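> Supplied structure: coords29.cif, mmCIF, C-alpha atoms; chains and numbers go by the auth columns.
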```
data_start
#
loop_
_atom_site.group_PDB
_atom_site.id
_atom_site.type_symbol
_atom_site.label_atom_id
_atom_site.label_comp_id
_atom_site.label_asym_id
_atom_site.label_seq_id
_atom_site.Cartn_x
_atom_site.Cartn_y
_atom_site.Cartn_z
_atom_site.B_iso_or_equiv
_atom_site.auth_seq_id
_atom_site.auth_asym_id
ATOM 1 C CA MET A 1 16.738 -94.898 35.384 0.00 1474 S
ATOM 2 C CA ALA A 2 14.201 -92.336 36.557 0.00 1475 S
ATOM 3 C CA ALA A 3 14.427 -88.958 34.883 0.00 1476 S
ATOM 4 C CA ALA A 4 13.196 -85.741 36.479 0.00 1477 S
ATOM 5 C CA SER A 5 9.595 -84.818 35.719 0.00 1478 S
ATOM 6 C CA SER A 6 7.588 -81.604 35.815 0.00 1479 S
ATOM 7 C CA THR A 7 3.954 -80.782 35.128 0.00 1480 S
ATOM 8 C CA THR A 8 4.750 -77.128 34.514 0.00 1481 S
ATOM 9 C CA GLY A 9 3.344 -76.085 31.185 0.00 1482 S
ATOM 10 C CA THR A 10 1.224 -79.194 30.616 0.00 1483 S
ATOM 11 C CA ALA A 11 -1.992 -77.204 30.651 0.00 1484 S
ATOM 12 C CA ILE A 12 -0.444 -74.628 28.361 0.00 1485 S
ATOM 13 C CA LEU A 13 0.456 -77.112 25.692 0.00 1486 S
ATOM 14 C CA ALA A 14 -3.081 -78.412 25.414 0.00 1487 S
ATOM 15 C CA ALA A 15 -4.052 -75.014 24.076 0.00 1488 S
ATOM 16 C CA VAL A 16 -4.706 -74.003 20.502 0.00 1489 S
ATOM 17 C CA ILE A 17 -1.619 -72.964 18.524 0.00 1490 S
ATOM 18 C CA ILE A 18 -2.163 -69.576 16.926 0.00 1491 S
ATOM 19 C CA SER A 19 0.058 -68.650 13.985 0.00 1492 S
ATOM 20 C CA LEU A 20 0.895 -65.027 13.231 0.00 1493 S
ATOM 21 C CA ALA A 21 3.723 -62.941 11.782 0.00 1494 S
ATOM 22 C CA GLY A 22 7.487 -62.886 12.108 0.00 1495 S
ATOM 23 C CA VAL A 23 10.592 -61.974 10.168 0.00 1496 S
ATOM 24 C CA ALA A 24 14.213 -63.108 10.207 0.00 1497 S
ATOM 25 C CA THR A 25 16.807 -60.455 10.929 0.00 1498 S
ATOM 26 C CA THR A 26 20.249 -62.044 10.807 0.00 1499 S
ATOM 27 C CA VAL A 27 22.618 -63.512 8.266 0.00 1500 S
ATOM 28 C CA ASP A 28 23.083 -67.245 7.790 0.00 1501 S
ATOM 29 C CA ALA A 29 24.392 -68.975 10.920 0.00 1502 S
ATOM 30 C CA ARG A 30 23.494 -72.566 10.208 0.00 1503 S
ATOM 31 C CA PHE A 31 24.175 -75.186 12.831 0.00 1504 S
ATOM 32 C CA ARG A 32 25.928 -78.232 11.426 0.00 1505 S
ATOM 33 C CA ALA A 33 26.375 -81.776 12.702 0.00 1506 S
ATOM 34 C CA MET A 34 29.210 -82.362 15.157 0.00 1507 S
ATOM 35 C CA GLN A 35 31.659 -85.275 15.461 0.00 1508 S
ATOM 36 C CA TRP A 36 30.678 -88.742 16.635 0.00 1509 S
ATOM 37 C CA THR A 37 31.571 -89.265 20.314 0.00 1510 S
ATOM 38 C CA PRO A 38 31.259 -92.294 22.648 0.00 1511 S
ATOM 39 C CA ALA A 39 28.755 -92.355 25.524 0.00 1512 S
ATOM 40 C CA HIS A 40 26.174 -94.698 27.036 0.00 1513 S
ATOM 41 C CA ALA A 41 22.385 -94.850 26.927 0.00 1514 S
ATOM 42 C CA THR A 42 19.707 -96.258 29.198 0.00 1515 S
ATOM 43 C CA PHE A 43 15.931 -95.847 29.111 0.00 1516 S
ATOM 44 C CA TYR A 44 13.128 -94.933 31.497 0.00 1517 S
ATOM 45 C CA GLY A 45 9.430 -95.668 31.523 0.00 1518 S
ATOM 46 C CA ASP A 46 7.659 -98.259 29.414 0.00 1519 S
ATOM 47 C CA GLU A 47 6.553 -98.697 25.810 0.00 1520 S
ATOM 48 C CA THR A 48 3.841 -96.033 26.196 0.00 1521 S
ATOM 49 C CA ALA A 49 6.456 -93.369 27.059 0.00 1522 S
ATOM 50 C CA SER A 50 3.955 -91.906 29.530 0.00 1523 S
ATOM 51 C CA GLU A 51 6.720 -91.208 32.059 0.00 1524 S
ATOM 52 C CA THR A 52 8.509 -88.983 29.551 0.00 1525 S
ATOM 53 C CA MET A 53 5.610 -86.517 29.342 0.00 1526 S
ATOM 54 C CA GLY A 54 6.276 -83.255 31.140 0.00 1527 S
ATOM 55 C CA GLY A 55 9.950 -83.219 32.017 0.00 1528 S
ATOM 56 C CA ALA A 56 12.408 -80.615 33.215 0.00 1529 S
ATOM 57 C CA CYS A 57 12.333 -78.646 29.955 0.00 1530 S
ATOM 58 C CA GLY A 58 8.650 -77.813 30.493 0.00 1531 S
ATOM 59 C CA TYR A 59 7.350 -79.056 27.147 0.00 1532 S
ATOM 60 C CA GLY A 60 4.349 -80.741 28.774 0.00 1533 S
ATOM 61 C CA ASN A 61 2.577 -83.295 26.598 0.00 1534 S
ATOM 62 C CA LEU A 62 5.265 -84.215 24.097 0.00 1535 S
ATOM 63 C CA TYR A 63 2.724 -85.269 21.492 0.00 1536 S
ATOM 64 C CA ALA A 64 0.973 -81.886 21.667 0.00 1537 S
ATOM 65 C CA SER A 65 4.273 -79.997 21.561 0.00 1538 S
ATOM 66 C CA GLY A 66 5.447 -81.963 18.513 0.00 1539 S
ATOM 67 C CA TYR A 67 8.291 -84.010 20.001 0.00 1540 S
ATOM 68 C CA GLY A 68 6.577 -87.390 20.281 0.00 1541 S
ATOM 69 C CA THR A 69 8.475 -90.286 21.854 0.00 1542 S
ATOM 70 C CA ASP A 70 11.871 -89.874 20.162 0.00 1543 S
ATOM 71 C CA THR A 71 13.204 -88.063 23.203 0.00 1544 S
ATOM 72 C CA ALA A 72 15.999 -88.178 25.751 0.00 1545 S
ATOM 73 C CA ALA A 73 16.745 -87.022 29.263 0.00 1546 S
ATOM 74 C CA LEU A 74 20.280 -85.626 29.393 0.00 1547 S
ATOM 75 C CA SER A 75 22.878 -85.976 32.104 0.00 1548 S
ATOM 76 C CA THR A 76 23.792 -82.752 33.903 0.00 1549 S
ATOM 77 C CA THR A 77 26.837 -82.253 31.667 0.00 1550 S
ATOM 78 C CA LEU A 78 24.667 -82.102 28.548 0.00 1551 S
ATOM 79 C CA PHE A 79 21.588 -80.499 30.133 0.00 1552 S
ATOM 80 C CA LYS A 80 23.545 -77.334 31.031 0.00 1553 S
ATOM 81 C CA ASP A 81 20.962 -75.951 33.484 0.00 1554 S
ATOM 82 C CA GLY A 82 18.295 -76.145 30.803 0.00 1555 S
ATOM 83 C CA TYR A 83 20.257 -74.592 27.942 0.00 1556 S
ATOM 84 C CA GLY A 84 20.478 -78.088 26.453 0.00 1557 S
ATOM 85 C CA CYS A 85 16.689 -78.322 26.111 0.00 1558 S
ATOM 86 C CA GLY A 86 15.529 -78.834 22.544 0.00 1559 S
ATOM 87 C CA THR A 87 18.900 -79.989 21.208 0.00 1560 S
ATOM 88 C CA CYS A 88 18.925 -82.943 18.810 0.00 1561 S
ATOM 89 C CA TYR A 89 21.186 -85.981 18.711 0.00 1562 S
ATOM 90 C CA GLN A 90 21.809 -88.914 16.461 0.00 1563 S
ATOM 91 C CA MET A 91 23.077 -92.082 18.086 0.00 1564 S
ATOM 92 C CA ARG A 92 23.682 -95.718 17.370 0.00 1565 S
ATOM 93 C CA CYS A 93 24.352 -98.680 19.620 0.00 1566 S
ATOM 94 C CA VAL A 94 27.889 -100.099 19.298 0.00 1567 S
ATOM 95 C CA GLY A 95 30.107 -102.824 20.688 0.00 1568 S
ATOM 96 C CA THR A 96 27.571 -105.185 22.252 0.00 1569 S
ATOM 97 C CA ALA A 97 25.429 -108.109 21.166 0.00 1570 S
ATOM 98 C CA SER A 98 22.380 -106.156 22.344 0.00 1571 S
ATOM 99 C CA CYS A 99 22.717 -103.751 19.408 0.00 1572 S
ATOM 100 C CA TYR A 100 20.405 -104.413 16.497 0.00 1573 S
ATOM 101 C CA ARG A 101 21.996 -105.664 13.305 0.00 1574 S
ATOM 102 C CA GLY A 102 23.337 -102.866 11.168 0.00 1575 S
ATOM 103 C CA SER A 103 23.613 -100.494 14.138 0.00 1576 S
ATOM 104 C CA PRO A 104 20.623 -98.346 13.109 0.00 1577 S
ATOM 105 C CA VAL A 105 20.880 -94.607 13.738 0.00 1578 S
ATOM 106 C CA ILE A 106 18.140 -92.921 15.753 0.00 1579 S
ATOM 107 C CA THR A 107 17.464 -89.206 16.257 0.00 1580 S
ATOM 108 C CA VAL A 108 16.180 -87.839 19.573 0.00 1581 S
ATOM 109 C CA THR A 109 15.356 -84.450 21.078 0.00 1582 S
ATOM 110 C CA ALA A 110 16.403 -83.424 24.591 0.00 1583 S
ATOM 111 C CA THR A 111 13.266 -82.847 26.664 0.00 1584 S
ATOM 112 C CA ASN A 112 14.282 -83.779 30.207 0.00 1585 S
ATOM 113 C CA LEU A 113 17.041 -83.976 32.814 0.00 1586 S
ATOM 114 C CA CYS A 114 18.535 -87.226 34.024 0.00 1587 S
ATOM 115 C CA PRO A 115 19.580 -86.201 37.547 0.00 1588 S
ATOM 116 C CA PRO A 116 22.689 -87.464 39.327 0.00 1589 S
ATOM 117 C CA ASN A 117 22.367 -90.443 41.643 0.00 1590 S
ATOM 118 C CA TRP A 118 25.104 -89.829 44.176 0.00 1591 S
ATOM 119 C CA ALA A 119 24.190 -93.002 46.079 0.00 1592 S
ATOM 120 C CA GLU A 120 25.584 -95.042 43.197 0.00 1593 S
ATOM 121 C CA ASP A 121 29.011 -95.195 41.604 0.00 1594 S
ATOM 122 C CA SER A 122 29.195 -93.418 38.255 0.00 1595 S
ATOM 123 C CA ASN A 123 30.069 -96.721 36.578 0.00 1596 S
ATOM 124 C CA ALA A 124 27.517 -98.814 38.417 0.00 1597 S
ATOM 125 C CA GLY A 125 24.103 -97.152 38.493 0.00 1598 S
ATOM 126 C CA GLY A 126 25.020 -93.472 38.740 0.00 1599 S
ATOM 127 C CA TRP A 127 25.051 -93.217 34.975 0.00 1600 S
ATOM 128 C CA CYS A 128 24.047 -89.548 34.903 0.00 1601 S
ATOM 129 C CA ASN A 129 26.537 -88.372 37.510 0.00 1602 S
ATOM 130 C CA PRO A 130 28.845 -85.566 36.322 0.00 1603 S
ATOM 131 C CA PRO A 131 31.049 -85.481 34.370 0.00 1604 S
ATOM 132 C CA ARG A 132 29.511 -88.375 32.410 0.00 1605 S
ATOM 133 C CA THR A 133 27.734 -87.649 29.137 0.00 1606 S
ATOM 134 C CA HIS A 134 24.731 -89.937 29.238 0.00 1607 S
ATOM 135 C CA PHE A 135 21.359 -90.315 27.531 0.00 1608 S
ATOM 136 C CA ASP A 136 18.316 -91.707 29.334 0.00 1609 S
ATOM 137 C CA LEU A 137 16.008 -92.404 26.405 0.00 1610 S
ATOM 138 C CA SER A 138 12.314 -93.071 26.195 0.00 1611 S
ATOM 139 C CA LYS A 139 11.833 -96.820 25.918 0.00 1612 S
ATOM 140 C CA PRO A 140 10.360 -96.575 22.380 0.00 1613 S
ATOM 141 C CA ALA A 141 13.478 -94.678 21.238 0.00 1614 S
ATOM 142 C CA PHE A 142 15.849 -97.146 22.921 0.00 1615 S
ATOM 143 C CA MET A 143 14.041 -100.072 21.303 0.00 1616 S
ATOM 144 C CA LYS A 144 14.780 -98.664 17.845 0.00 1617 S
ATOM 145 C CA MET A 145 18.500 -99.355 18.261 0.00 1618 S
ATOM 146 C CA ALA A 146 18.947 -102.080 20.895 0.00 1619 S
ATOM 147 C CA ASP A 147 17.334 -104.889 22.878 0.00 1620 S
ATOM 148 C CA TRP A 148 15.768 -103.224 25.908 0.00 1621 S
ATOM 149 C CA HIS A 149 16.716 -106.190 28.134 0.00 1622 S
ATOM 150 C CA ALA A 150 20.299 -104.893 28.069 0.00 1623 S
ATOM 151 C CA GLY A 151 19.329 -101.925 30.270 0.00 1624 S
ATOM 152 C CA ILE A 152 22.407 -99.922 29.294 0.00 1625 S
ATOM 153 C CA VAL A 153 24.397 -99.952 26.052 0.00 1626 S
ATOM 154 C CA PRO A 154 27.447 -98.127 24.707 0.00 1627 S
ATOM 155 C CA VAL A 155 26.624 -95.694 21.925 0.00 1628 S
ATOM 156 C CA MET A 156 28.225 -93.318 19.500 0.00 1629 S
ATOM 157 C CA TYR A 157 26.393 -90.002 19.342 0.00 1630 S
ATOM 158 C CA ARG A 158 26.628 -86.662 17.634 0.00 1631 S
ATOM 159 C CA ARG A 159 24.661 -83.479 17.932 0.00 1632 S
ATOM 160 C CA VAL A 160 22.792 -82.621 14.742 0.00 1633 S
ATOM 161 C CA PRO A 161 20.580 -79.809 13.429 0.00 1634 S
ATOM 162 C CA CYS A 162 16.957 -80.032 14.554 0.00 1635 S
ATOM 163 C CA VAL A 163 14.472 -80.271 11.703 0.00 1636 S
ATOM 164 C CA ARG A 164 11.159 -78.628 12.603 0.00 1637 S
ATOM 165 C CA SER A 165 7.988 -77.787 10.740 0.00 1638 S
ATOM 166 C CA GLY A 166 6.830 -74.172 10.948 0.00 1639 S
ATOM 167 C CA GLY A 167 7.996 -71.385 13.200 0.00 1640 S
ATOM 168 C CA LEU A 168 8.993 -71.001 16.829 0.00 1641 S
ATOM 169 C CA ARG A 169 6.207 -71.604 19.341 0.00 1642 S
ATOM 170 C CA PHE A 170 5.703 -69.568 22.493 0.00 1643 S
ATOM 171 C CA ALA A 171 3.538 -71.065 25.248 0.00 1644 S
ATOM 172 C CA LEU A 172 2.565 -68.202 27.559 0.00 1645 S
ATOM 173 C CA GLN A 173 1.920 -68.431 31.280 0.00 1646 S
ATOM 174 C CA GLY A 174 1.971 -66.024 34.202 0.00 1647 S
ATOM 175 C CA ASN A 175 -0.103 -63.133 35.532 0.00 1648 S
ATOM 176 C CA PRO A 176 -0.613 -59.436 34.651 0.00 1649 S
ATOM 177 C CA TYR A 177 2.769 -58.544 36.172 0.00 1650 S
ATOM 178 C CA TRP A 178 4.827 -61.573 35.111 0.00 1651 S
ATOM 179 C CA LEU A 179 5.201 -63.295 31.747 0.00 1652 S
ATOM 180 C CA LEU A 180 6.632 -66.812 31.499 0.00 1653 S
ATOM 181 C CA ALA A 181 7.242 -68.071 27.970 0.00 1654 S
ATOM 182 C CA TYR A 182 8.158 -71.632 27.027 0.00 1655 S
ATOM 183 C CA VAL A 183 9.972 -71.691 23.684 0.00 1656 S
ATOM 184 C CA MET A 184 9.352 -74.794 21.584 0.00 1657 S
ATOM 185 C CA ASN A 185 9.729 -76.161 18.055 0.00 1658 S
ATOM 186 C CA VAL A 186 13.190 -74.609 17.764 0.00 1659 S
ATOM 187 C CA ALA A 187 15.042 -75.618 14.595 0.00 1660 S
ATOM 188 C CA GLY A 188 18.763 -75.430 13.849 0.00 1661 S
ATOM 189 C CA ALA A 189 20.778 -75.824 17.055 0.00 1662 S
ATOM 190 C CA GLY A 190 17.478 -76.328 18.891 0.00 1663 S
ATOM 191 C CA ASP A 191 18.476 -74.299 21.940 0.00 1664 S
ATOM 192 C CA VAL A 192 17.771 -70.816 23.304 0.00 1665 S
ATOM 193 C CA GLY A 193 20.378 -68.739 25.101 0.00 1666 S
ATOM 194 C CA ASP A 194 18.765 -65.314 25.340 0.00 1667 S
ATOM 195 C CA MET A 195 15.390 -63.723 24.723 0.00 1668 S
ATOM 196 C CA TRP A 196 13.640 -60.347 24.644 0.00 1669 S
ATOM 197 C CA VAL A 197 9.994 -59.303 24.454 0.00 1670 S
ATOM 198 C CA LYS A 198 8.380 -56.077 23.233 0.00 1671 S
ATOM 199 C CA ALA A 199 4.774 -55.042 23.656 0.00 1672 S
ATOM 200 C CA GLY A 200 3.042 -53.041 20.917 0.00 1673 S
ATOM 201 C CA GLY A 201 4.623 -51.051 18.111 0.00 1674 S
ATOM 202 C CA GLY A 202 6.491 -48.606 20.318 0.00 1675 S
ATOM 203 C CA GLY A 203 8.557 -48.881 23.451 0.00 1676 S
ATOM 204 C CA GLY A 204 11.753 -50.763 24.001 0.00 1677 S
ATOM 205 C CA TRP A 205 12.757 -54.389 24.256 0.00 1678 S
ATOM 206 C CA VAL A 206 12.560 -56.035 27.686 0.00 1679 S
ATOM 207 C CA ARG A 207 15.286 -58.586 28.272 0.00 1680 S
ATOM 208 C CA MET A 208 13.880 -61.814 29.677 0.00 1681 S
ATOM 209 C CA SER A 209 15.733 -63.915 32.243 0.00 1682 S
ATOM 210 C CA HIS A 210 16.185 -67.654 32.038 0.00 1683 S
ATOM 211 C CA ASN A 211 13.781 -69.334 34.429 0.00 1684 S
ATOM 212 C CA TRP A 212 14.433 -73.071 33.984 0.00 1685 S
ATOM 213 C CA GLY A 213 14.435 -75.549 31.156 0.00 1686 S
ATOM 214 C CA ALA A 214 13.129 -73.930 27.994 0.00 1687 S
ATOM 215 C CA SER A 215 11.334 -71.054 29.767 0.00 1688 S
ATOM 216 C CA TYR A 216 12.119 -67.341 29.962 0.00 1689 S
ATOM 217 C CA GLN A 217 10.436 -64.694 32.114 0.00 1690 S
ATOM 218 C CA ALA A 218 9.826 -60.959 32.211 0.00 1691 S
ATOM 219 C CA PHE A 219 8.533 -59.011 35.193 0.00 1692 S
ATOM 220 C CA ALA A 220 6.485 -56.440 33.295 0.00 1693 S
ATOM 221 C CA GLN A 221 2.901 -55.488 32.435 0.00 1694 S
ATOM 222 C CA LEU A 222 2.507 -56.594 28.831 0.00 1695 S
ATOM 223 C CA GLY A 223 -1.201 -57.286 28.510 0.00 1696 S
ATOM 224 C CA GLY A 224 -3.467 -55.692 25.904 0.00 1697 S
ATOM 225 C CA GLN A 225 -0.734 -55.296 23.283 0.00 1698 S
ATOM 226 C CA GLU A 226 0.658 -57.571 20.619 0.00 1699 S
ATOM 227 C CA LEU A 227 3.915 -59.232 21.599 0.00 1700 S
ATOM 228 C CA SER A 228 7.091 -59.595 19.571 0.00 1701 S
ATOM 229 C CA PHE A 229 10.106 -61.668 20.583 0.00 1702 S
ATOM 230 C CA LYS A 230 13.804 -61.694 19.806 0.00 1703 S
ATOM 231 C CA VAL A 231 15.433 -65.083 20.377 0.00 1704 S
ATOM 232 C CA THR A 232 19.136 -65.928 20.387 0.00 1705 S
ATOM 233 C CA SER A 233 20.516 -69.438 19.929 0.00 1706 S
ATOM 234 C CA TYR A 234 22.687 -70.587 22.844 0.00 1707 S
ATOM 235 C CA THR A 235 25.065 -72.446 20.526 0.00 1708 S
ATOM 236 C CA THR A 236 25.362 -70.320 17.394 0.00 1709 S
ATOM 237 C CA GLY A 237 24.604 -66.857 18.756 0.00 1710 S
ATOM 238 C CA GLN A 238 22.204 -66.262 15.869 0.00 1711 S
ATOM 239 C CA THR A 239 19.319 -63.927 16.739 0.00 1712 S
ATOM 240 C CA ILE A 240 15.986 -63.894 14.958 0.00 1713 S
ATOM 241 C CA LEU A 241 13.082 -61.489 15.322 0.00 1714 S
ATOM 242 C CA ALA A 242 9.569 -62.866 15.571 0.00 1715 S
ATOM 243 C CA ALA A 243 7.432 -59.783 15.105 0.00 1716 S
ATOM 244 C CA GLY A 244 3.758 -59.630 16.039 0.00 1717 S
ATOM 245 C CA VAL A 245 3.654 -63.173 17.371 0.00 1718 S
ATOM 246 C CA THR A 246 0.486 -62.542 19.376 0.00 1719 S
ATOM 247 C CA PRO A 247 -2.552 -60.339 18.801 0.00 1720 S
ATOM 248 C CA ALA A 248 -3.283 -57.552 21.263 0.00 1721 S
ATOM 249 C CA ASN A 249 -5.890 -59.721 23.009 0.00 1722 S
ATOM 250 C CA TRP A 250 -3.480 -62.595 23.699 0.00 1723 S
ATOM 251 C CA CYS A 251 -4.199 -64.823 26.679 0.00 1724 S
ATOM 252 C CA PHE A 252 -2.248 -66.851 29.182 0.00 1725 S
ATOM 253 C CA GLY A 253 -2.594 -70.566 28.582 0.00 1726 S
ATOM 254 C CA LEU A 254 -2.315 -70.346 24.793 0.00 1727 S
ATOM 255 C CA THR A 255 0.566 -71.216 22.489 0.00 1728 S
ATOM 256 C CA TYR A 256 1.362 -68.795 19.662 0.00 1729 S
ATOM 257 C CA GLN A 257 3.444 -69.654 16.609 0.00 1730 S
ATOM 258 C CA ALA A 258 5.736 -67.308 14.695 0.00 1731 S
ATOM 259 C CA ARG A 259 6.573 -67.570 11.015 0.00 1732 S
ATOM 260 C CA VAL A 260 10.322 -67.672 11.548 0.00 1733 S
ATOM 261 C CA ASN A 261 12.753 -70.262 12.844 0.00 1734 S
ATOM 262 C CA PHE A 262 16.456 -70.937 13.030 0.00 1735 S
ATOM 263 C CA SER A 263 18.291 -72.675 10.223 0.00 1736 S
#
```
Since I need it in another form, could you write the structure as structure tokens?


Amino acid sequence: MAAASSTTGTAILAAVIISLAGVATTVDARFRAMQWTPAHATFYGDETASETMGGACGYGNLYASGYGTDTAALSTTLFKDGYGCGTCYQMRCVGTASCYRGSPVITVTATNLCPPNWAEDSNAGGWCNPPRTHFDLSKPAFMKMADWHAGIVPVMYRRVPCVRSGGLRFALQGNPYWLLAYVMNVAGAGDVGDMWVKAGGGGGWVRMSHNWGASYQAFAQLGGQELSFKVTSYTTGQTILAAGVTPANWCFGLTYQARVNFS
């Protein structure tokens, strides 16, 4: 199964991560694990997971962005036009001799899209065709729960809170008139549903529009001033304020880290 790939943001994520200030602004809105649900899982790429780097969420090098190889490409139903990026799932192989003894539970992060294959039947090759809920895992992740020779296995899965170290990360790209921010290292529900940016200490908040994957954009001149962000979780609706994330001399191509994250 070949998942969609993208090199957008790869250069960004090779940059130095700069950590500055931020504060939380909302009451507790913790995301909690959901119910176990049946689905199926395949894998793409080889043991190196090189084919999983990049991806439709725009995280670039998954080692540099902190996700590693425990990742999944989601079917369209779960990907939700990119709003599913960064979500976390537990799953275990069930009901087949290809499952490892004890049905070990693995945890993966959504970093890519598994596109539909309309040339194949949904039950015979078109595994990611809507309305199927399907996971196309990295091969290293798949091999933690089942024999890879099986190709496809039934699983039980549930969405779980994402556990992250440190604050939200903002990888910045664009030009003097356009800011594109990739949001990474999102804890809690793991997803982003809305975002605002403010330049300097004064002025108002500029609402950013969803570009694709985990990226948001603003058509504004924001250079030469420190940037603050407000980020809302797509699932919980919780909003947190990351104040003074960048210095005034911030640059495109760098990733800046706040001191706040979702719970």

> Taking the file as shown, find all residues satisfying the PyMOL selection byres ((chain S and resi 1582) around 8) and write them as a list in words.

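Taken over the shown coordinates, the PyMOL selection byres ((chain S and resi 1582) around 8) returns Tyr1540, Asp1543, Thr1544, Ala1545, Gly1559, Thr1560, Cys1561, Tyr1562, Thr1580, Val1581, Ala1583 and Thr1584 of chain S.
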
> So what does the PyMOL selection byres ((chain S and resi 1564) around 6) actually pick up in this one, as a VMD selection string?

chain S and resid 1563 1565 1578 to 1579 1629 to 1630

> What would the file look like if the residues just selected were written as a short mmCIF file (atom, residue, chain, number, x, y, z; two decimals), in the frame of the given file with C-alpha atoms?


```cif
data_model
loop_
_atom_site.label_atom_id
_atom_site.label_comp_id
_atom_site.auth_asym_id
_atom_site.auth_seq_id
_atom_site.Cartn_x
_atom_site.Cartn_y
_atom_site.Cartn_z
CA GLN S 1563 21.81 -88.91 16.46
CA ARG S 1565 23.68 -95.72 17.37
CA VAL S 1578 20.88 -94.61 13.74
CA ILE S 1579 18.14 -92.92 15.75
CA MET S 1629 28.22 -93.32 19.50
CA TYR S 1630 26.39 -90.00 19.34
#
```

> Rounded to one decimal place, report the CA of Thr1705 (chain S)-CA of Cys1587 (chain S) distance in Å.

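Rounded to one decimal, the two atoms are 25.3 Å apart.
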
> Neighbouring residues of Trp1651 (chain S) were defined as those with any atom within 8 Å, considering only C-alpha atoms; residues of the same chain fewer than 6 positions away were excluded. Please report them as a PDB file with C-alpha atoms, in the frame of the given file.


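The new file part02.pdb reads:
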```pdb
ATOM      1  CA  GLN S1690      10.436 -64.694  32.114  1.00  0.00           C
ATOM      2  CA  ALA S1691       9.826 -60.959  32.211  1.00  0.00           C
ATOM      3  CA  PHE S1692       8.533 -59.011  35.193  1.00  0.00           C
ATOM      4  CA  ALA S1693       6.485 -56.440  33.295  1.00  0.00           C
ATOM      5  CA  GLN S1694       2.901 -55.488  32.435  1.00  0.00           C
TER       6      GLN S1694
END
```

> Write out as a PyMOL selection string which residues come within 7 Å of Gly1640 (chain S) when counting all atoms listed in the file, dropping same-chain ones fewer than 3 positions away.

chain S and resi 1730-1734

> At most 8 Å from (17.9, -105.0, 17.9), file frame, all atoms listed in the file: which residues, as a list in words?

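Every polymer residue passing the test: Ser1571, Cys1572, Tyr1573, Arg1574, Met1616, Lys1617, Met1618, Ala1619 and Asp1620 of chain S.
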
> Determine the nearest neighbour of Pro1604 (chain S) from the options S:Asn1722, S:Thr1550, S:Thr1569, S:Asn1648, counting only C-alpha atoms.

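Answer, going by the shortest atom-to-atom distance: S:Thr1550.
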
> Considering all atoms listed in the file, tabulate each residue of region 1532-1572 of chain S that lies at most 12 Å from region 1594-1603 of chain S along with its nearest interatomic pair and the corresponding distance in Å to one decimal; arrange the rows by chain and ascending residue number and present them as a Markdown table.


```
| residue | atom | partner | partner_atom | distance |
| --- | --- | --- | --- | --- |
| S:Ala1546 | CA | S:Cys1601 | CA | 9.6 |
| S:Leu1547 | CA | S:Cys1601 | CA | 7.7 |
| S:Ser1548 | CA | S:Cys1601 | CA | 4.7 |
| S:Thr1549 | CA | S:Pro1603 | CA | 6.3 |
| S:Thr1550 | CA | S:Pro1603 | CA | 6.1 |
| S:Leu1551 | CA | S:Pro1603 | CA | 9.5 |
| S:Phe1552 | CA | S:Cys1601 | CA | 10.5 |
| S:Lys1553 | CA | S:Pro1603 | CA | 11.1 |
```
